[in-house]
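What follows is a short report on a single structure.
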Amino acid sequence: MINFRYVRPTTRQACVTALVSDPTAQFIAGGTNLIDLMKRGVTAPEKVVDINALTLRSIDKQGSGIRIGALALNSAVADHPMIRQQQPLLTQALNAGASAQIRNMATMGGNMLQRTRCHYFYDTALPCNKREPGSGCGALEGFNRIHAIFGTSDRDPKTACIAVHPSDMCVALVALDATVLVTGPNGERRIPFVDFHRLPGNTPERDTNLERGELILAIDVPDNAFARHTHYLKVRDRNSYAFALVSVAAALDLSNSTIRDARLAMGGVAHKPWRLLDAEKALVGKPATEATFRQAADIAMQGAKAFEHNAFKIRMAPSSIVEALKTAARPA
Amino acid sequence: MVIQASNSTVMKNRTFSVLINPGQAPPQAGRRDFLKQSSLLTALALTPSTVLQAAETVLGTEGSPTAENIPVVIEINGTSRSLSVEPRVSLLDLLREQLDMTGTKKGCDYGQCGACTVHVDGQRVLACLSLAVMMQGKQVTTIEGLAEGPERLHPMQEAFIKHDGFQCGYCTPGQIMSAVGCLREGHADTEAEIREYMSGNICRCGAYSNIIAAIEEVKKGGQKV
Ligand SMILES: Cc1cc2nc3c(=O)[nH]c(=O)nc-3n(C[C@H](O)[C@H](O)[C@H](O)COP(=O)(O)OP(=O)(O)OC[C@H]3O[C@@H](n4cnc5c(N)ncnc54)[C@H](O)[C@@H]3O)c2cc1C
Ligand code: FES
Ligand code: FES
C-alpha cells in the first residue's frame with residue numbers, strides 16, 4: 001500500500017472540503033472495502049479523510065419512517081429492535097452479508113459505496129473499464145460466472161462493463177423505497193435509493209450518481225405494511241460468508257391470502273440493486289399462490305441476457321424469486 | 001516429513017503458550033524468531049548499509065517518528081500505549097511487527113479468514129482491515145489480554161482446550177476472540193446460530209464441530225465473558 005496523508009475532520013463541511021481539495025482523496029468509514037482495495041493497489045488515494053468524528057451513528061424514528069445515520073454499523077442496524085420489528089427485510093439482508101466481524105466495522109454509507117467484486121476489477125494486471133477507463137473489459141470474453149444478466153454495457157469494448165453490485169443491504173433498501181440524504185460542495189440533497197446506483201452505460205467507472213465530494217449523511221426508510229411477510233434469499237457458493245450469486249428481497253402485504261402490495265428486488269444480477277417494478281405490479285391484487293409468483297418471476301426475467309459462464313443465473317434467478325415469495329407469504 | 005512433523009509440534013506448542021501465558025511478555029525463541037532471523041540474514045545481504053541504519057531507527061523503538069508518522073494513544077490489553085504509526089499501517093501489523101505481539105494471526109490480510117480477530121471497545125473486529133491511526137483513544141484486546149491474569153485462563157480458552165477446538169492452532173486466537181464476541185452479542189442460542197455467527201472464522205483443519213462444542217459449553221456455563 002502506498003502511504004497517504006490521514007486527516008480526521010470534525011465537521012461535515014470540513015470533511016467535504018478536505019475531499020474536494022485533493023483530486024485523489026477518499027473518505028474512510030469502516031475501512032473494510034477501502035483498505036482491501038488499497039492493499040491490492042486497485043485504488044491509491046494520496047489523502048484519506050476519516051469521517052468517524054462525525055455524529056452520524058444514530059437510528060431514530062423520524063416522521064413516518066426511520067432515519068439511519070450513514071455511520072451506523074451494519075451490526076447495530078441489523079440488531080436494532082426498531083429495525084427488527086418494523087423493517088425485518090433490512091435485518092435479514094444485513095445479516096446475510098459478510099461476517100459478524102465485518103458487520104461490526106462496516107457502515108451504512110460504506111456498504112452502499114462498496115465496489116464490485118469482479119475479478120478483473122480486482123486484478124490490476126488485467127483490463128477493466130471500471131478501474132481504468134478505456135482499458136477494456138476482461139470479463140466480457142473471460143470468466144464471467146459471477147457477472148450481470150441485466151443492464152450490461154457490452155457493445156463498445158472501450159466502455160463495456162458486466163460487473164454486479166455486491167451489496168446485500170442495498171437490495172433490501174431499494175425494495176423498501178429508501179431515500180439517501182447527502183451533503184456536498186453544493187449543499188444537501190435527497191436521492192431516491194433506486195436512482196442512487198447507476199448502470200454502467202458509457203461511464204462504468206461511476207458506480208453511483210454521487211458527485212465528487214458528496215458525503216452520505218443518512219438513509220430514510222419509510223414505514224410500510226410489510227413487516228409480517230418479508231424474506232431475503234441469498235444463493236451463494238457456500239452457506240455463509242460469500243457474496244451472492246443471486247439474491248432476492250421480497251416483501252408482501254397480504255389480506256387473507258390476497259396480495260395488497262408487494263416489493264421485489266434482486267442482487268447479483270446487475271450493476272445496481274435491481275428493483276422489479278413490473279413484477280410487483282403483476283403481484284398486486286392476485287392470490288398469494290405459486291402460480292402468481294411464477295408469473296411475476298417470468299415478468300422479472302424479461303430482457304435478461306447471459307454470457308458464457310453465467311447462463312445458470314437465468315434459471316436460478318426466477319426460481320429464487322418464487323422461493324423468496326413463497327417464504328415471505330408463509331404465516332408470520 | 002521430518003521437517004513437517006517438527007514444524008507442527010512447534011506450532012502447537014506456540015499456540016499453547018498463547019493460550020496459557022496471557023501476559024504481554026514477548027514469545028520465547030521459536031519458529032517465528034527463527035524465521036525472522038533467517039529472513040533478516042537474507043535481507044542484510046541484499047540491503048545497502050545506509051538503508052539498514054534508517055530502518056533500524058524506525059523499527060527499533062516504540063514510536064520513533066518519521067515525516068509521515070502520526071502519534072496515537074491506544075489502550076492495548078489494559079495498558080495505555082503512546083505510539084507513532086504510519087497512516088498505512090494496519091492494527092494487525094502494529095501488533096505483530098511493531099509491538100511483537102504475535103498472538104493475533106495473519107491468515108489472509110484481506111478480511112477473508114478471521115485469524116486476526118481482536119476486540120476494539122469490546123466488539124470483535126478484523127485487525128487486518130483496521131488502520132492503526134484510526135484506533136486513537138480506543139481499547140484493544142488481543143488474545144494475550146483476554147484472560148484476567150497470568151494465573152487463570154479465560155473460560156473460552158479453557159473450553160477450547162477441553163473440547164480440542166483446534167489442530168494446528170493457527171486460527172485459534174481469532175476463533176477464541178470471535179467466540180467471545182459471539183456470546184457477548186447474544187448470537188449463540190442454537191448450533192445453527194453459532195455456525196452462522198462464527199462463519200467469519202475459517203479453520204483450515206476443520207475443527208468446527210469442536211469449536212462449536214466449546215462455545216456451547218461456555219454459553220451453558222453462564223459465566224461472564
Ligand atoms: C471478506 C469480505 C466479505 C464480504 N461479504 C459481503 C457480503 O456477503 N455482502 C455484502 O453486502 N458485503 C460484503 N462485504 C463488503 C462489506 O459489506 C463492505 O466492505 C462494507 O459494507 C463497507 O463499509 P465500510 O464502512 O467498511 O466502508 P469503507 O471501506 O470505509 O468505504 C467504502 C467506500 O465508501 C466511501 N464512503 C464510506 N462512507 C461514506 C459516506 N458516509 N459518504 C460518502 N462516501 C463514503 C469510501 O470513500 C469508500 O470509497 C464483504 C467484505 C469482505 C472484506
Ligand atoms: S488476516 Fe484478517 S481476516 Fe484474514
Ligand atoms: S486449527 Fe488449524 S486452521 Fe484451525
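Residue numbers start at 1 in each chain; chains themselves are named A, B, ... in the order of the C-alpha cells; ligands are numbered from 1 in the order shown.
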
At a cut-off of 6 Å, using only C-alpha atoms, what residues contact region 197-204 of chain B? Leave out same-chain residues fewer than 2 positions from it and give the result as a ChimeraX atom specification. /A:99-100 /B:113-114,171,194-195,206

Could those selected residues go to a file with all heavy atoms, as an mmCIF file, in the first residue's frame?
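See selection-v6.cif below for the written result:
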data_model
loop_
_atom_site.group_PDB
_atom_site.id
_atom_site.type_symbol
_atom_site.label_atom_id
_atom_site.label_comp_id
_atom_site.auth_asym_id
_atom_site.auth_seq_id
_atom_site.Cartn_x
_atom_site.Cartn_y
_atom_site.Cartn_z
ATOM 1 N N SER A 99 -19.326 -11.107 7.391
ATOM 2 C CA SER A 99 -19.221 -11.897 8.623
ATOM 3 C C SER A 99 -19.551 -10.985 9.793
ATOM 4 O O SER A 99 -19.606 -9.764 9.650
ATOM 5 C CB SER A 99 -17.799 -12.418 8.793
ATOM 6 O OG SER A 99 -16.924 -11.324 9.050
ATOM 7 N N ALA A 100 -19.721 -11.595 10.977
ATOM 8 C CA ALA A 100 -20.056 -10.797 12.163
ATOM 9 C C ALA A 100 -18.999 -9.721 12.410
ATOM 10 O O ALA A 100 -19.323 -8.577 12.745
ATOM 11 C CB ALA A 100 -20.190 -11.705 13.377
ATOM 12 N N CYS B 113 -10.558 -14.365 6.466
ATOM 13 C CA CYS B 113 -10.360 -15.595 7.245
ATOM 14 C C CYS B 113 -10.647 -15.465 8.740
ATOM 15 O O CYS B 113 -10.911 -16.460 9.398
ATOM 16 C CB CYS B 113 -8.937 -16.116 7.046
ATOM 17 S SG CYS B 113 -7.681 -15.169 7.936
ATOM 18 N N GLY B 114 -10.564 -14.286 9.310
ATOM 19 C CA GLY B 114 -10.879 -14.103 10.729
ATOM 20 C C GLY B 114 -9.736 -14.388 11.684
ATOM 21 O O GLY B 114 -9.884 -14.223 12.895
ATOM 22 N N CYS B 171 -5.678 -20.754 13.500
ATOM 23 C CA CYS B 171 -6.893 -19.924 13.501
ATOM 24 C C CYS B 171 -7.377 -19.649 14.916
ATOM 25 O O CYS B 171 -8.302 -18.865 15.118
ATOM 26 C CB CYS B 171 -8.005 -20.612 12.711
ATOM 27 S SG CYS B 171 -8.693 -22.060 13.550
ATOM 28 N N ILE B 194 -24.773 -20.331 16.107
ATOM 29 C CA ILE B 194 -23.321 -20.260 16.342
ATOM 30 C C ILE B 194 -22.577 -20.431 15.018
ATOM 31 O O ILE B 194 -21.662 -19.668 14.692
ATOM 32 C CB ILE B 194 -22.858 -21.321 17.354
ATOM 33 C CG1 ILE B 194 -23.475 -21.041 18.734
ATOM 34 C CG2 ILE B 194 -21.331 -21.351 17.447
ATOM 35 C CD1 ILE B 194 -23.211 -22.123 19.770
ATOM 36 N N ARG B 195 -22.985 -21.423 14.243
ATOM 37 C CA ARG B 195 -22.317 -21.645 12.953
ATOM 38 C C ARG B 195 -22.378 -20.398 12.086
ATOM 39 O O ARG B 195 -21.386 -19.979 11.494
ATOM 40 C CB ARG B 195 -22.970 -22.812 12.202
ATOM 41 C CG ARG B 195 -22.447 -24.152 12.612
ATOM 42 C CD ARG B 195 -23.020 -25.266 11.736
ATOM 43 N NE ARG B 195 -22.670 -26.557 12.293
ATOM 44 C CZ ARG B 195 -21.510 -27.176 12.062
ATOM 45 N NH1 ARG B 195 -20.605 -26.635 11.263
ATOM 46 N NH2 ARG B 195 -21.245 -28.342 12.625
ATOM 47 N N GLY B 206 -10.439 -27.746 9.938
ATOM 48 C CA GLY B 206 -11.804 -28.252 10.088
ATOM 49 C C GLY B 206 -12.167 -28.631 11.503
ATOM 50 O O GLY B 206 -12.827 -29.634 11.745
#

Just the residues within 10 Å of Arg189 (chain A), please, counting only C-alpha atoms, with nothing from its chain fewer than 5 positions along; format it as a ChimeraX atom specification. /A:180-184,214,216

Deliver the residues from the most recent selection as a file, using N, CA, C and O atoms, as a JSON list (two decimals), in the first residue's frame.
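Ended up saving to part-v9.json:
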[["chain", "number", "residue", "atom", "x", "y", "z"],
["A", 180, "VAL", "N", -31.80, 8.54, 0.17],
["A", 180, "VAL", "CA", -30.47, 8.82, 0.69],
["A", 180, "VAL", "C", -30.31, 10.33, 0.87],
["A", 180, "VAL", "O", -30.63, 11.11, -0.05],
["A", 181, "LEU", "N", -29.86, 10.73, 2.04],
["A", 181, "LEU", "CA", -29.63, 12.15, 2.32],
["A", 181, "LEU", "C", -28.12, 12.41, 2.23],
["A", 181, "LEU", "O", -27.34, 11.75, 2.92],
["A", 182, "VAL", "N", -27.74, 13.35, 1.36],
["A", 182, "VAL", "CA", -26.31, 13.64, 1.20],
["A", 182, "VAL", "C", -26.04, 15.13, 1.33],
["A", 182, "VAL", "O", -26.94, 15.95, 1.17],
["A", 183, "THR", "N", -24.79, 15.44, 1.65],
["A", 183, "THR", "CA", -24.38, 16.84, 1.61],
["A", 183, "THR", "C", -23.12, 16.91, 0.75],
["A", 183, "THR", "O", -22.44, 15.90, 0.56],
["A", 184, "GLY", "N", -22.84, 18.10, 0.24],
["A", 184, "GLY", "CA", -21.67, 18.21, -0.63],
["A", 184, "GLY", "C", -21.31, 19.65, -0.88],
["A", 184, "GLY", "O", -21.85, 20.55, -0.22],
["A", 214, "GLU", "N", -19.37, 14.58, -2.39],
["A", 214, "GLU", "CA", -20.62, 14.41, -1.65],
["A", 214, "GLU", "C", -20.46, 13.33, -0.58],
["A", 214, "GLU", "O", -19.84, 12.29, -0.80],
["A", 216, "ILE", "N", -22.47, 10.99, 2.27],
["A", 216, "ILE", "CA", -23.77, 10.44, 2.68],
["A", 216, "ILE", "C", -23.97, 10.75, 4.16],
["A", 216, "ILE", "O", -23.08, 10.48, 4.97]]

Within 7 Å of ligand 1, which residues show up when you count only C-alpha atoms and all ligand atoms? List them as a VMD selection string, please. (chain A and resid 26 to 36 70 to 71 96 to 99 102 to 103 105 to 114 166 to 169 214 to 217 241 to 244) or (chain B and resid 110 to 112)

Env. residues ligand 3 / 12 Å / only C-alpha atoms and all ligand atoms / as a ChimeraX atom specification: /B:8,11-12,15,105-107,113-115,160-161,164-176,201-211

Do you know which residues are at most 10 Å from Gly41 (chain A) counting only C-alpha atoms, after dropping those on the same chain fewer than 6 positions away, and could you put them as a count of residues only? 6

Using DSSP secondary structure from the backbone, list all strand (DSSP E) positions within region 166-281 of chain A, as a PyMOL selection string. chain A and resi 179-183+189-192+215-222+230-235+246-255+258-267+274-275

Dump as a PyMOL selection string the residues of chain B that approach chain A to within 10 Å, counting only C-alpha atoms. chain B and resi 68-70+86-90+109-114+117-120+123-131+133-134+178+181-182+185+187+195-202

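With only C-alpha atoms as the basis for measurement, A:Cys170 is the residue among A:Ala53, A:Val42, A:Cys170, A:Met266 that approaches Asn74 (chain A) most closely.
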
Work out how far apart CA of Thr289 (chain A) and CA of Val194 (chain A) are and give it in Å to one decimal. 27.8 Å

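Residues of region 109-263 of chain A that DSSP, applied to the backbone, places in alpha helix (DSSP H): Gly109, Gly110, Asn111, Met112, His119, Tyr120, Phe121, Tyr122, Met169, Cys170, Val171, Ala172, Leu173, Val174 and Ala175 of chain A.
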
For Arg330 (chain A), list every protein, DNA or RNA residue within 12 Å, evaluated using only C-alpha atoms, and leave out those in the same chain fewer than 3 positions away; present the list as a ChimeraX atom specification. /A:228-231,251-254,256-257,288-290,323-327

Could you pull the residues within 10 Å of Thr208 (chain A), counting only C-alpha atoms, minus those fewer than 3 positions along the same chain, as a PyMOL selection string? chain A and resi 112-113+195-200+204-205+211+271-272

Applying 6 Å and only C-alpha atoms, which residues near Ala296 (chain A) remain after dropping the ones on its own chain fewer than 3 positions away? List them as a ChimeraX atom specification. /A:279,282,293,299

Expected file: the selected residues, all heavy atoms, as a compact mmCIF listing (two decimals), in the first residue's frame:
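The result, written out as out_7.txt:
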# COMPACT_ATOMS: atom_id res chain seq x y z
N ALA A 279 -42.79 -6.72 -12.12
CA ALA A 279 -43.17 -7.96 -11.44
C ALA A 279 -44.02 -7.64 -10.21
O ALA A 279 -44.99 -8.34 -9.91
CB ALA A 279 -41.92 -8.73 -11.03
N ALA A 282 -47.52 -7.05 -11.23
CA ALA A 282 -48.21 -8.29 -11.58
C ALA A 282 -48.66 -9.07 -10.35
O ALA A 282 -49.50 -9.95 -10.45
CB ALA A 282 -47.29 -9.15 -12.45
N PHE A 293 -46.71 -16.26 -8.27
CA PHE A 293 -45.28 -15.96 -8.09
C PHE A 293 -44.49 -16.30 -9.36
O PHE A 293 -43.60 -15.56 -9.77
CB PHE A 293 -44.71 -16.73 -6.89
CG PHE A 293 -45.39 -16.39 -5.58
CD1 PHE A 293 -45.41 -17.30 -4.53
CD2 PHE A 293 -46.03 -15.17 -5.40
CE1 PHE A 293 -46.03 -17.00 -3.33
CE2 PHE A 293 -46.67 -14.85 -4.19
CZ PHE A 293 -46.66 -15.78 -3.16
N ILE A 299 -42.07 -12.32 -15.62
CA ILE A 299 -42.02 -10.90 -15.99
C ILE A 299 -40.67 -10.30 -15.57
O ILE A 299 -40.04 -9.57 -16.33
CB ILE A 299 -43.19 -10.14 -15.33
CG1 ILE A 299 -44.50 -10.63 -15.96
CG2 ILE A 299 -43.02 -8.62 -15.48
CD1 ILE A 299 -45.74 -10.11 -15.28

Give me the residues near Arg81 (chain B) as a compact mmCIF listing (two decimals) with all heavy atoms, in the first residue's frame, where near means some atom within 12 Å (using only C-alpha atoms) and where sequence neighbours in that chain fewer than 5 positions away do not count.
# COMPACT_ATOMS: atom_id res chain seq x y z
N GLU B 62 9.82 2.08 20.08
CA GLU B 62 8.39 2.31 20.03
C GLU B 62 8.17 3.78 19.71
O GLU B 62 8.50 4.65 20.49
CB GLU B 62 7.81 1.93 21.39
CG GLU B 62 6.31 2.03 21.45
CD GLU B 62 5.79 1.47 22.76
OE1 GLU B 62 5.94 0.27 22.98
OE2 GLU B 62 5.23 2.24 23.55
N GLY B 63 7.66 4.07 18.54
CA GLY B 63 7.24 5.42 18.24
C GLY B 63 8.32 6.40 17.84
O GLY B 63 8.28 7.56 18.21
N PRO B 71 1.18 10.43 15.84
CA PRO B 71 1.13 9.89 17.21
C PRO B 71 -0.29 9.40 17.54
O PRO B 71 -1.26 10.05 17.19
CB PRO B 71 1.49 11.11 18.08
CG PRO B 71 1.17 12.29 17.24
CD PRO B 71 1.25 11.89 15.80
N VAL B 72 -0.36 8.24 18.17
CA VAL B 72 -1.66 7.75 18.64
C VAL B 72 -1.50 7.17 20.04
O VAL B 72 -0.43 6.66 20.40
CB VAL B 72 -2.26 6.62 17.75
CG1 VAL B 72 -2.87 7.15 16.49
CG2 VAL B 72 -1.24 5.54 17.46
N VAL B 73 -2.56 7.28 20.82
CA VAL B 73 -2.59 6.63 22.12
C VAL B 73 -3.66 5.55 22.06
O VAL B 73 -4.83 5.84 21.77
CB VAL B 73 -2.90 7.64 23.24
CG1 VAL B 73 -2.92 6.93 24.59
CG2 VAL B 73 -1.89 8.77 23.24
N ILE B 74 -3.25 4.31 22.27
CA ILE B 74 -4.19 3.19 22.21
C ILE B 74 -4.03 2.39 23.49
O ILE B 74 -2.89 2.15 23.93
CB ILE B 74 -3.90 2.26 21.00
CG1 ILE B 74 -3.72 3.07 19.71
CG2 ILE B 74 -4.99 1.22 20.84
CD1 ILE B 74 -3.28 2.24 18.51
N GLU B 75 -5.14 1.99 24.09
CA GLU B 75 -5.04 1.12 25.25
C GLU B 75 -5.04 -0.32 24.76
O GLU B 75 -6.04 -0.78 24.18
CB GLU B 75 -6.21 1.37 26.21
CG GLU B 75 -6.05 0.62 27.50
CD GLU B 75 -7.23 0.81 28.45
OE1 GLU B 75 -7.66 1.96 28.64
OE2 GLU B 75 -7.70 -0.21 28.96
N ILE B 76 -3.92 -0.98 24.94
CA ILE B 76 -3.83 -2.36 24.47
C ILE B 76 -3.73 -3.30 25.66
O ILE B 76 -2.82 -3.19 26.48
CB ILE B 76 -2.62 -2.53 23.52
CG1 ILE B 76 -2.78 -1.59 22.31
CG2 ILE B 76 -2.51 -3.99 23.05
CD1 ILE B 76 -1.59 -1.55 21.39
N LEU B 94 0.70 -3.36 13.33
CA LEU B 94 1.17 -2.65 14.53
C LEU B 94 1.41 -3.67 15.65
O LEU B 94 2.46 -3.68 16.28
CB LEU B 94 0.14 -1.61 14.98
CG LEU B 94 0.44 -0.97 16.34
CD1 LEU B 94 1.61 0.01 16.25
CD2 LEU B 94 -0.77 -0.26 16.92
N LEU B 95 0.43 -4.52 15.87
CA LEU B 95 0.55 -5.50 16.95
C LEU B 95 1.72 -6.45 16.71
O LEU B 95 2.58 -6.65 17.56
CB LEU B 95 -0.74 -6.33 17.07
CG LEU B 95 -1.99 -5.58 17.57
CD1 LEU B 95 -3.23 -6.45 17.36
CD2 LEU B 95 -1.85 -5.20 19.03
N GLN B 98 5.35 -4.12 15.13
CA GLN B 98 5.90 -3.03 15.93
C GLN B 98 5.93 -3.39 17.41
O GLN B 98 6.84 -3.01 18.13
CB GLN B 98 5.07 -1.76 15.70
CG GLN B 98 5.89 -0.47 15.72
CD GLN B 98 5.12 0.69 15.10
OE1 GLN B 98 4.49 0.55 14.04
NE2 GLN B 98 5.15 1.84 15.76
N LEU B 99 4.91 -4.11 17.88
CA LEU B 99 4.82 -4.40 19.31
C LEU B 99 5.20 -5.85 19.64
O LEU B 99 5.16 -6.24 20.80
CB LEU B 99 3.41 -4.08 19.83
CG LEU B 99 2.94 -2.65 19.61
CD1 LEU B 99 1.51 -2.46 20.11
CD2 LEU B 99 3.88 -1.65 20.30
N MET B 135 -7.31 3.91 15.56
CA MET B 135 -7.53 3.32 16.88
C MET B 135 -7.31 4.33 18.00
O MET B 135 -7.35 3.98 19.18
CB MET B 135 -6.60 2.12 17.09
CG MET B 135 -6.87 0.94 16.18
SD MET B 135 -8.48 0.21 16.50
CE MET B 135 -9.27 0.51 14.94
N GLN B 136 -7.02 5.58 17.64
CA GLN B 136 -6.77 6.62 18.64
C GLN B 136 -7.86 6.61 19.72
O GLN B 136 -9.05 6.68 19.43
CB GLN B 136 -6.72 7.99 17.93
CG GLN B 136 -6.81 9.20 18.85
CD GLN B 136 -5.66 9.27 19.84
OE1 GLN B 136 -4.52 8.92 19.53
NE2 GLN B 136 -5.95 9.71 21.07
N GLY B 137 -7.41 6.48 20.98
CA GLY B 137 -8.34 6.55 22.11
C GLY B 137 -9.18 5.31 22.33
O GLY B 137 -10.05 5.29 23.20
N LYS B 138 -8.91 4.25 21.58
CA LYS B 138 -9.74 3.05 21.72
C LYS B 138 -9.07 2.01 22.60
O LYS B 138 -7.86 2.06 22.84
CB LYS B 138 -10.04 2.46 20.34
CG LYS B 138 -10.86 3.41 19.48
CD LYS B 138 -11.45 2.67 18.31
CE LYS B 138 -12.22 3.59 17.39
NZ LYS B 138 -13.47 4.11 17.98
N GLN B 139 -9.88 1.06 23.07
CA GLN B 139 -9.36 -0.05 23.86
C GLN B 139 -9.29 -1.30 22.99
O GLN B 139 -10.32 -1.75 22.48
CB GLN B 139 -10.29 -0.34 25.04
CG GLN B 139 -10.37 0.80 26.03
CD GLN B 139 -11.25 0.44 27.23
OE1 GLN B 139 -12.11 -0.43 27.13
NE2 GLN B 139 -11.01 1.10 28.34
N VAL B 140 -8.10 -1.83 22.85
CA VAL B 140 -7.92 -3.03 22.03
C VAL B 140 -7.60 -4.20 22.95
O VAL B 140 -6.76 -4.09 23.85
CB VAL B 140 -6.76 -2.82 21.04
CG1 VAL B 140 -6.47 -4.10 20.24
CG2 VAL B 140 -7.05 -1.66 20.09

So how far away is CA of Val221 (chain A) from CA of Gly65 (chain A), in Å? 5.4 Å
